[in-house]
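Q: Got a structure here, written out as structure tokens. Questions coming.
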Amino acid sequence: MVVFACAGCGAVLTARVSRVDFPDHADQRHGYGLLPALLEPGTYTIRDEPEGPPWLSWAEIGADAAAARGVYVQVRSLSYGPRGTVGIAPGDLRGTVHILEACGGACCGLDDGGGPNLACAGCGRAVAARVDDCGRWQVVWLNPRAVRPVSVEGPAHVALAWTDLREEWPATPPVDHPGTWSPRWEAAVAVAPAQVLALSGGGRDACRCPAGRPAAVVALVCLPA
């Protein structure tokens, strides 16, 4: 387990947390209501891709540079911020204050479009961005350039496994409302085909379940052509 501390003054900024896989639905926007926390208490995740400002437009990037990032269709902009952004549940945050001038511009809450909106209460260093706007999963993203992990002793948090989810919903994906899939499953179904294709190398007989993905989801994209 770790806590994350301010890289400037060393103040502890989080509760004890243990790492879990990056959620498929982390960047998903769903409806216009207030969504729950992205992560369970006591857990954290790491984003491998760049996140946050600076953002460069498609005209500034160009197709070749975008392809080098794995982006093959035109997008409005791409982040050239730091890799390794750390996500935690909002309730696991400690010792921070809002950066008031960075808290505007959203609809019903806060977002991370303008960069950090939280500062270390000890030294004032900008350390994180809280996201809780409508249609967004609630999360705090810690800037990897402003915080550092500190190992601590304690029992590892056991997150809910996919096998547990399959036992709870053995026949069909869960629904939030009649006729509506859970947004978590919508995201998982969207991601699974690309992962299966990448693992198969384009072959029809090399389909296997990606780590962390429910077999029920993978089965949807493994049917014979």
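All residue names refer to the structure tokens as shown: chains lettered A, B, ... in order, residues numbered from 1 in each chain, ligands numbered from 1 in order.
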Neighbouring residues of Ile46 (chain A) were defined as those with any atom within 7 Å, considering only C-alpha atoms; residues of the same chain fewer than 6 positions away were excluded. Please report them as an mmCIF file with N, CA, C and O atoms, in the first residue's frame.
A:
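Result written to out-v4.cif:
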```
data_model
loop_
_atom_site.group_PDB
_atom_site.id
_atom_site.type_symbol
_atom_site.label_atom_id
_atom_site.label_comp_id
_atom_site.auth_asym_id
_atom_site.auth_seq_id
_atom_site.Cartn_x
_atom_site.Cartn_y
_atom_site.Cartn_z
ATOM 1 N N PHE A 22 -6.775 0.271 -14.501
ATOM 2 C CA PHE A 22 -7.396 1.506 -14.984
ATOM 3 C C PHE A 22 -8.788 1.177 -15.513
ATOM 4 O O PHE A 22 -8.947 0.316 -16.369
ATOM 5 N N GLY A 84 1.173 9.062 -16.393
ATOM 6 C CA GLY A 84 1.225 8.555 -15.038
ATOM 7 C C GLY A 84 0.336 9.280 -14.049
ATOM 8 O O GLY A 84 0.563 9.192 -12.838
ATOM 9 N N THR A 85 -0.693 9.976 -14.537
ATOM 10 C CA THR A 85 -1.630 10.631 -13.637
ATOM 11 C C THR A 85 -2.284 9.593 -12.727
ATOM 12 O O THR A 85 -2.680 8.517 -13.173
ATOM 13 N N VAL A 86 -2.416 9.915 -11.459
ATOM 14 C CA VAL A 86 -2.927 8.980 -10.453
ATOM 15 C C VAL A 86 -4.365 9.341 -10.100
ATOM 16 O O VAL A 86 -4.651 10.481 -9.719
ATOM 17 N N GLY A 87 -5.271 8.389 -10.209
ATOM 18 C CA GLY A 87 -6.666 8.602 -9.850
ATOM 19 C C GLY A 87 -6.988 7.982 -8.503
ATOM 20 O O GLY A 87 -6.590 6.849 -8.238
#
```
Q: Taking the DSSP assignment computed from this structure's backbone, write out as a ChimeraX atom specification all residues of region 25-183 of chain A that belong to helix (DSSP H, G or I).
A: /A:58-61,63-68,90-92,100-102,162-168,183
Q: To one decimal place in Å, what is the distance between CA of Asp48 (chain A) and CA of Cys107 (chain A)?
A: 27.6 Å
Q: Quick one, how far is CA of Cys108 (chain A) from CA of Asp133 (chain A)?
A: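 Computed distance, CA of Cys108 (chain A) to CA of Asp133 (chain A), equals 5.3 Å.
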Q: Which is closer to Gly95 (chain A) than all the others in A:Val3, A:Val75, A:Cys120, A:Val17, using only C-alpha atoms?
A: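 Selected residue with least distance to Gly95 (chain A): A:Cys120.
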Q: Measuring between only C-alpha atoms, which one of A:Trp141, A:Val150, A:Ala128, A:Arg136 shows the shortest distance to His30 (chain A)?
A: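 Of A:Trp141, A:Val150, A:Ala128, A:Arg136, the one nearest His30 (chain A), counting only C-alpha atoms, is A:Arg136.
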Q: Which is closest to Gly52 (chain A) among A:Cys134, A:Leu100, A:Cys6, A:Ala129, if we use only C-alpha atoms?
A: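 With only C-alpha atoms as the atom set, the closest residue is A:Ala129.
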Q: Excluding same-chain residues fewer than 2 positions from Arg47 (chain A), what lies within 12 Å of it counting only C-alpha atoms, as a list of chain:residue names?
A: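 Result of the neighbour search: A:Arg19, A:Val20, A:Asp21, A:Phe22, A:Pro23, A:Asp24, A:Ala26, A:Asp27, A:Tyr44, A:Thr45, A:Glu49, A:Pro50, A:Glu51, A:Gly52, A:Gly81, A:Pro82, A:Arg83, A:Gly84, A:Thr85, A:Val86, A:Gly87, A:Ile88, A:Trp141, A:Leu142, A:Asn143, A:Pro144.
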Q: Generate the output file for the selected residues, N, CA, C and O atoms, as an mmCIF file, in the first residue's frame.
A:
```
data_model
loop_
_atom_site.group_PDB
_atom_site.id
_atom_site.type_symbol
_atom_site.label_atom_id
_atom_site.label_comp_id
_atom_site.auth_asym_id
_atom_site.auth_seq_id
_atom_site.Cartn_x
_atom_site.Cartn_y
_atom_site.Cartn_z
ATOM 1 N N ARG A 19 -3.213 -0.301 -5.569
ATOM 2 C CA ARG A 19 -3.457 -0.091 -6.992
ATOM 3 C C ARG A 19 -4.433 -1.096 -7.579
ATOM 4 O O ARG A 19 -4.404 -2.281 -7.242
ATOM 5 N N VAL A 20 -5.283 -0.602 -8.492
ATOM 6 C CA VAL A 20 -6.195 -1.439 -9.267
ATOM 7 C C VAL A 20 -6.047 -1.076 -10.739
ATOM 8 O O VAL A 20 -5.430 -0.070 -11.094
ATOM 9 N N ASP A 21 -6.603 -1.910 -11.614
ATOM 10 C CA ASP A 21 -6.536 -1.652 -13.049
ATOM 11 C C ASP A 21 -7.230 -0.341 -13.399
ATOM 12 O O ASP A 21 -8.180 0.087 -12.736
ATOM 13 N N PHE A 22 -6.775 0.271 -14.501
ATOM 14 C CA PHE A 22 -7.396 1.506 -14.984
ATOM 15 C C PHE A 22 -8.788 1.177 -15.513
ATOM 16 O O PHE A 22 -8.947 0.316 -16.369
ATOM 17 N N PRO A 23 -9.850 1.835 -15.019
ATOM 18 C CA PRO A 23 -11.215 1.480 -15.433
ATOM 19 C C PRO A 23 -11.485 1.828 -16.895
ATOM 20 O O PRO A 23 -11.079 2.887 -17.375
ATOM 21 N N ASP A 24 -12.176 0.933 -17.589
ATOM 22 C CA ASP A 24 -12.551 1.195 -18.973
ATOM 23 C C ASP A 24 -13.400 2.451 -19.104
ATOM 24 O O ASP A 24 -13.339 3.155 -20.111
ATOM 25 N N ALA A 26 -13.336 5.233 -17.390
ATOM 26 C CA ALA A 26 -12.780 6.419 -16.746
ATOM 27 C C ALA A 26 -13.065 7.703 -17.527
ATOM 28 O O ALA A 26 -13.337 8.751 -16.933
ATOM 29 N N ASP A 27 -13.004 7.643 -18.844
ATOM 30 C CA ASP A 27 -13.205 8.841 -19.664
ATOM 31 C C ASP A 27 -14.609 8.930 -20.243
ATOM 32 O O ASP A 27 -14.882 9.784 -21.093
ATOM 33 N N TYR A 44 -6.326 3.096 -5.908
ATOM 34 C CA TYR A 44 -5.884 4.121 -6.860
ATOM 35 C C TYR A 44 -5.579 3.451 -8.178
ATOM 36 O O TYR A 44 -5.392 2.231 -8.260
ATOM 37 N N THR A 45 -5.544 4.248 -9.238
ATOM 38 C CA THR A 45 -5.227 3.740 -10.563
ATOM 39 C C THR A 45 -4.283 4.707 -11.238
ATOM 40 O O THR A 45 -4.170 5.872 -10.823
ATOM 41 N N GLU A 49 -1.501 7.058 -20.449
ATOM 42 C CA GLU A 49 -1.457 8.045 -21.526
ATOM 43 C C GLU A 49 -1.316 9.455 -20.963
ATOM 44 O O GLU A 49 -1.670 9.712 -19.804
ATOM 45 N N PRO A 50 -0.818 10.406 -21.775
ATOM 46 C CA PRO A 50 -0.739 11.800 -21.329
ATOM 47 C C PRO A 50 -2.116 12.332 -20.943
ATOM 48 O O PRO A 50 -3.131 11.939 -21.520
ATOM 49 N N GLU A 51 -2.147 13.224 -19.972
ATOM 50 C CA GLU A 51 -3.408 13.770 -19.489
ATOM 51 C C GLU A 51 -3.212 15.219 -19.071
ATOM 52 O O GLU A 51 -2.192 15.582 -18.483
ATOM 53 N N GLY A 52 -4.220 16.048 -19.395
ATOM 54 C CA GLY A 52 -4.202 17.439 -18.966
ATOM 55 C C GLY A 52 -3.469 18.358 -19.926
ATOM 56 O O GLY A 52 -2.919 17.933 -20.943
ATOM 57 N N GLY A 81 0.152 16.511 -21.824
ATOM 58 C CA GLY A 81 0.476 16.628 -20.421
ATOM 59 C C GLY A 81 1.278 15.437 -19.949
ATOM 60 O O GLY A 81 1.706 14.592 -20.739
ATOM 61 N N PRO A 82 1.481 15.309 -18.648
ATOM 62 C CA PRO A 82 2.314 14.221 -18.121
ATOM 63 C C PRO A 82 1.627 12.864 -18.200
ATOM 64 O O PRO A 82 0.405 12.772 -18.134
ATOM 65 N N ARG A 83 2.411 11.820 -18.363
ATOM 66 C CA ARG A 83 1.930 10.451 -18.221
ATOM 67 C C ARG A 83 1.960 10.060 -16.746
ATOM 68 O O ARG A 83 2.696 10.644 -15.958
ATOM 69 N N GLY A 84 1.173 9.062 -16.393
ATOM 70 C CA GLY A 84 1.225 8.555 -15.038
ATOM 71 C C GLY A 84 0.336 9.280 -14.049
ATOM 72 O O GLY A 84 0.563 9.192 -12.838
ATOM 73 N N THR A 85 -0.693 9.976 -14.537
ATOM 74 C CA THR A 85 -1.630 10.631 -13.637
ATOM 75 C C THR A 85 -2.284 9.593 -12.727
ATOM 76 O O THR A 85 -2.680 8.517 -13.173
ATOM 77 N N VAL A 86 -2.416 9.915 -11.459
ATOM 78 C CA VAL A 86 -2.927 8.980 -10.453
ATOM 79 C C VAL A 86 -4.365 9.341 -10.100
ATOM 80 O O VAL A 86 -4.651 10.481 -9.719
ATOM 81 N N GLY A 87 -5.271 8.389 -10.209
ATOM 82 C CA GLY A 87 -6.666 8.602 -9.850
ATOM 83 C C GLY A 87 -6.988 7.982 -8.503
ATOM 84 O O GLY A 87 -6.590 6.849 -8.238
ATOM 85 N N ILE A 88 -7.714 8.727 -7.669
ATOM 86 C CA ILE A 88 -8.162 8.203 -6.378
ATOM 87 C C ILE A 88 -9.625 8.576 -6.177
ATOM 88 O O ILE A 88 -10.155 9.472 -6.841
ATOM 89 N N TRP A 141 -7.676 13.450 -9.768
ATOM 90 C CA TRP A 141 -6.484 13.082 -10.530
ATOM 91 C C TRP A 141 -5.284 13.813 -9.952
ATOM 92 O O TRP A 141 -5.215 15.046 -9.976
ATOM 93 N N LEU A 142 -4.333 13.060 -9.389
ATOM 94 C CA LEU A 142 -3.116 13.625 -8.815
ATOM 95 C C LEU A 142 -2.074 13.811 -9.907
ATOM 96 O O LEU A 142 -1.803 12.889 -10.689
ATOM 97 N N ASN A 143 -1.489 15.014 -9.965
ATOM 98 C CA ASN A 143 -0.456 15.301 -10.960
ATOM 99 C C ASN A 143 0.824 14.557 -10.588
ATOM 100 O O ASN A 143 1.380 14.772 -9.511
ATOM 101 N N PRO A 144 1.326 13.667 -11.468
ATOM 102 C CA PRO A 144 2.501 12.872 -11.112
ATOM 103 C C PRO A 144 3.765 13.707 -10.927
ATOM 104 O O PRO A 144 4.740 13.231 -10.332
#
```
Q: Would you please work out which residue, of A:Val147, A:Ala67, A:Leu118, A:Leu110, is nearest to Val97 (chain A) when using only C-alpha atoms?
A: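 The closest residue to Val97 (chain A) is A:Leu118.
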Q: Using only C-alpha atoms, which residue out of A:Trp55, A:Tyr72, A:Trp137, A:Phe4 lies closest to Asp92 (chain A)?
A: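 Closest residue, counting only C-alpha atoms: A:Phe4.
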Q: What does the structure give for the distance between CA of Val152 (chain A) and CA of Thr14 (chain A), in Å to one decimal?
A: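 Between CA of Val152 (chain A) and CA of Thr14 (chain A) the gap works out to 11.9 Å.
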Q: Which residues come within 8 Å of Ala89 (chain A), counting only C-alpha atoms, excluding same-chain residues fewer than 5 positions away, as a VMD selection string?
A: chain A and resid 37 to 44 138 to 140
